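I have placed the structure first, in the form of structure tokens, so that the comments after it can refer back to it.
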Amino acid sequence: MVRTRFAPSPTGYLHIGGARTALYCWLYARKMKGTFILRIEDTDLERSTQESVQAILDGMAWLNLDYEEGPFYQTKRFDRYHEVIQQMLAEGKAYKCYCSKERLEALREAQMARKEKPRYDGFCRDRSEPGEGSFCVRFKNPTTGAVEFDDLVRGKLTFANAELDDLIIARSDGTPTYNFTVVVDDLDMNITHVIRGDDHINNTPRQINILRALSATPPLYAHVPMILGSDGKRLSKRHGAVGVMQYREDGFLPEALLNYLARLGWSHGDQEIFSIDELIHYFDINDINRAPAAFNPEKLLWLNQHYIKTSDPAHVAKEFAWHMEKQGVDTNNGPALIDVIRAQCERTKTLREMAERSRYFYEDVVMSEEMKSHFPAELMPALTLVRDGLATLPDWTKESIHGVLQRVADAQGLKLGKLAPAVRVAMTGGTVSPPIDVTILLIGRERAITRLNKVIF
């Protein structure tokens with residue numbers, strides 16, 4: 001049975017690259033009817049924070065990337081790591097290294113002076129007598145042969161064991177190191193497929209050797225290329241790369257972000273838009289591109305607008321309500337959110353923008369001096385007739401409202417294009433809104449009349 005895992009370190013927000021990795025792990029587990037596991041790799045005690053843990057959990061929940069097992073925390077598994085380290089020491093597969101920082105630094109400087117790759121020289125590897133003072137524990141890496149594995153994205157990869165030094169698996173204070181805890185976790189959790197960023201490629205041969213030393217069969221590995229900015233450099237904050245939850249703040253729908261991330265390094269023919277079910281059905285690790293993908297904010301915006309326009313308004317309303325609340329808008333006294341979404345969906349690219357442009361449906365309009373210029377004296381008779389017509393309408397419908405505006409324009413010898421802009425400013429305080437009949441319909445009869453009264457003199 002397929003078992004994948006997403007294993008972020010809680011040293012910052014859940015970033016775009018991490019979210020894409022989580023998505024690929026989740027999609028493959030779903031496709032293969034397997035198990036998706038969330039593991040928090042928090043052994044970096046100095047940099048890991050509870051705030052970052054929460055950011056990861058919040059991001060996963062918002063993206064609806066649910067997991068069958070976890071979250072597991074490495075800091076709660078120290079006893080297990082210590083047990084395995086003691087086992088490896090007893091079996092001669094690891095050893096205590098008493099080398100001082102000064103010796104190791106001198107070794108490194110000498111190697112670099114000779115233009116050699118800095119690596120531990122195995123000074124304590126075959127030591128028979130215990131040393132003095134503090135020590136770390138190193139894995140006794142094979143010195144001959146090579147590690148070969150078929151990467152599901154990059155193909156066959158080979159690493160000479162002679163290039164891999166004896167990795168520290170426990171620091172001098174006893175805390176286990178990243179490469180060791182990952183191995184024990186993957187072993188204990190029966191992980192079958194490790195899908196992660198290609199910045200981990202150099203860790204993989206080390207981890208495979210430790211797994212083999214524990215008489216375990218390594219999982220299959222798929223190393224996903226990094227995401228680049230528009231300048232071809234690794235995506236970072238300078239490109240506008242932010243945490244996943246910032247995309248919620250900015251008004252993106254989770255399914256739009258998921259669709260975009262899935263296509264950022266994977267493809268199925270020329271198809272651009274996928275439902276979650278389609279992603280699960282078509283996703284194949286072997287179709288992940290080897291080349292890095294470039295992040296395109298405009299493409300993400302386009303996708304988001306597509307989802308806003310085509311999704312069920314009742315679904316969009318859940319996220320839209322969150323944005324209205326964030327802006328302090330009380331939506332209890334006004335039109336139904338799904339009606340506002342239907343009116344605004346063609347006009348906005350994000351839900352944040354939609355919320356900013358929809359306040360006038362629920363709040364009083366504040367008229368700027370600039371906007372007051374839209375109400376010249378010659379329009380007052382027409383605006384008065386519009387007010388009276390709206391007040392006496394037997395049916396409050398878009399069609400009947402449009403009829404009032406058209407009849408007033410005809411009676412006053414005006415084009416509707418002359419009357420409607422003034423009515424729009426009176427209703428919204430601005431010059432942009434959905435069609436004026438829809439806008440008035442949603443604002444409601446009482447508010448519409450009140451707002452016209454404020455501009456009529």
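Labels used: A, B, ... for chains in the order of the structure tokens, numbers from 1 for residues in each chain, and numbers from 1 for ligands as shown.
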
Proximity of segment 273-361 of chain A to segment 9-32 of chain A: per-residue shortest pair, 9 Å limit, only C-alpha atoms, as CSV:
residue,atom,partner,partner_atom,distance
A:Ile276,CA,A:Leu27,CA,8.9
A:Leu279,CA,A:Leu27,CA,7.1
A:Ile280,CA,A:Lys31,CA,5.2
A:His281,CA,A:Lys31,CA,6.1
A:Tyr282,CA,A:Lys31,CA,8.2
A:Phe283,CA,A:Leu27,CA,6.7
A:Asp284,CA,A:Tyr28,CA,7.2
A:Ile285,CA,A:Tyr28,CA,7.5

Using only C-alpha atoms, what table do you get, as CSV, when you list each residue of segment 76-128 of chain A with an atom no more than 8 Å from segment 171-176 of chain A, its nearest pair of atoms, and their distance in Å rounded to one decimal, rows by chain then rising number?
residue,atom,partner,partner_atom,distance
A:Phe78,CA,A:Pro176,CA,7.6
A:Tyr81,CA,A:Pro176,CA,6.8
A:His82,CA,A:Pro176,CA,7.7

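Near Phe252 of chain A, within 7 Å and counting only C-alpha atoms, sit Tyr247, Arg248, Asp250, Pro254, Ala256, Leu257, Asn304, Thr350 and Leu351 of chain A, not including residues fewer than 2 positions from it in the same chain.
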
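What separates atom CA of Gln344 of chain A from atom CA of Leu65 of chain A is a distance of 28.7 Å.
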
#### Entry: Selection near Lys93 of chain A, 8 Å with only C-alpha atoms, sequence-local residues under 5 positions removed, as number ranges by chain
A: 88, 139-140, 213

### Message
For Leu303 of chain A, find every residue with an atom within 12 Å (counting only C-alpha atoms), except residues of its own chain fewer than 2 positions away, and show them as number ranges by chain.
### Response
A: 252-261, 263, 272-274, 296-301, 305-311, 349-350

### Two-atom distance - atom CA of Leu264 of chain A, atom CA of Asn64 of chain A (Å)
18.6 Å

### Query
If we count only C-alpha atoms, what is near Thr35 of chain A at a cut-off of 8 Å, once residues fewer than 4 positions away on the same chain are taken out, given as a VMD selection string?
chain A and resid 1 to 4 29 to 30 67 to 69

Store the residues picked out above, limited to C-alpha atoms, as a PDB file, in the first residue's frame.
ATOM      1  CA  MET A   1       0.000   0.000   0.000  1.00  0.00           C
ATOM      2  CA  VAL A   2       1.316   3.445  -0.942  1.00  0.00           C
ATOM      3  CA  ARG A   3       2.241   5.650   2.023  1.00  0.00           C
ATOM      4  CA  THR A   4       3.494   9.191   1.399  1.00  0.00           C
ATOM      5  CA  ALA A  29      -1.676   8.901  -2.066  1.00  0.00           C
ATOM      6  CA  ARG A  30      -5.224   9.665  -3.183  1.00  0.00           C
ATOM      7  CA  TYR A  67      -4.093  13.496   6.169  1.00  0.00           C
ATOM      8  CA  GLU A  68      -4.931  10.074   7.557  1.00  0.00           C
ATOM      9  CA  GLU A  69      -2.100  10.026  10.109  1.00  0.00           C
TER      10      GLU A  69
END

### Task
From segment 97-245 of chain A, collect each residue whose DSSP state is strand (DSSP E or B) and return the set as a PyMOL selection string.
chain A and resi 97+136-139+146-151+155-160+168-170+176+193-197+220-224+227-228+234

### Message
Please list as a PyMOL selection string every residue within 7 Å of segment 196-199 of chain A, counting only C-alpha atoms and excluding residues in the same chain fewer than 3 positions away.
### Response
chain A and resi 21+222-226

Save the residues we just selected, N, CA and C atoms, as a tab-separated table (two decimals), in the first residue's frame?
chain	number	residue	atom	x	y	z
A	21	THR	N	4.84	20.51	-2.79
A	21	THR	CA	5.29	19.18	-2.39
A	21	THR	C	4.19	18.43	-1.65
A	222	ALA	N	11.31	10.58	-5.28
A	222	ALA	CA	10.99	11.47	-6.39
A	222	ALA	C	11.38	12.88	-5.96
A	223	HIS	N	12.41	13.42	-6.59
A	223	HIS	CA	12.90	14.76	-6.22
A	223	HIS	C	12.38	15.78	-7.22
A	224	VAL	N	11.57	16.69	-6.71
A	224	VAL	CA	10.86	17.67	-7.53
A	224	VAL	C	11.72	18.91	-7.71
A	225	PRO	N	11.85	19.41	-8.95
A	225	PRO	CA	12.67	20.61	-9.18
A	225	PRO	C	12.13	21.82	-8.41
A	226	MET	N	13.02	22.73	-8.14
A	226	MET	CA	12.63	23.93	-7.40
A	226	MET	C	11.74	24.84	-8.26

### Message
For the alpha helix (DSSP H) assignment from backbone DSSP, which residues of segment 29-272 of chain A qualify? Please present them as a ChimeraX atom specification.
### Response
/A:29-31,50-62,78-90,101-113,178-188,204-213,244-249,254-263

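Counting only C-alpha atoms, the residue from A:Asp44, A:Glu249, A:Asp165, A:Asp270 that sits nearest to Thr177 of chain A is A:Asp44.
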
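Atom CA of Arg138 of chain A is found 5.3 Å from atom CA of Leu167 of chain A.
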
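Residue nearest Leu214 of chain A, chosen from A:Leu164, A:Ile401, A:Asp277, A:Ala94 and counting only C-alpha atoms: A:Ala94.
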
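Using only C-alpha atoms, the shortest contact distance between Phe123 of chain A and any of A:Leu38, A:Ile85, A:Cys97, A:Ala90 is found at A:Cys97.
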
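Using only C-alpha atoms, the smallest distance between any of A:Lys454, A:Arg347, A:Lys156, A:Arg5 and Thr192 of chain A comes from A:Arg5.
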
### Summary
Counting only C-alpha atoms, closest pick from A:Leu63, A:Val137, A:Ala291, A:Ile227 relative to Leu89 of chain A is A:Val137

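Of the listed residues A:Ala343, A:Ala7, A:Ile208, A:Ala336, the one whose atoms come nearest to Phe36 of chain A is A:Ala7, with distances taken using only C-alpha atoms.
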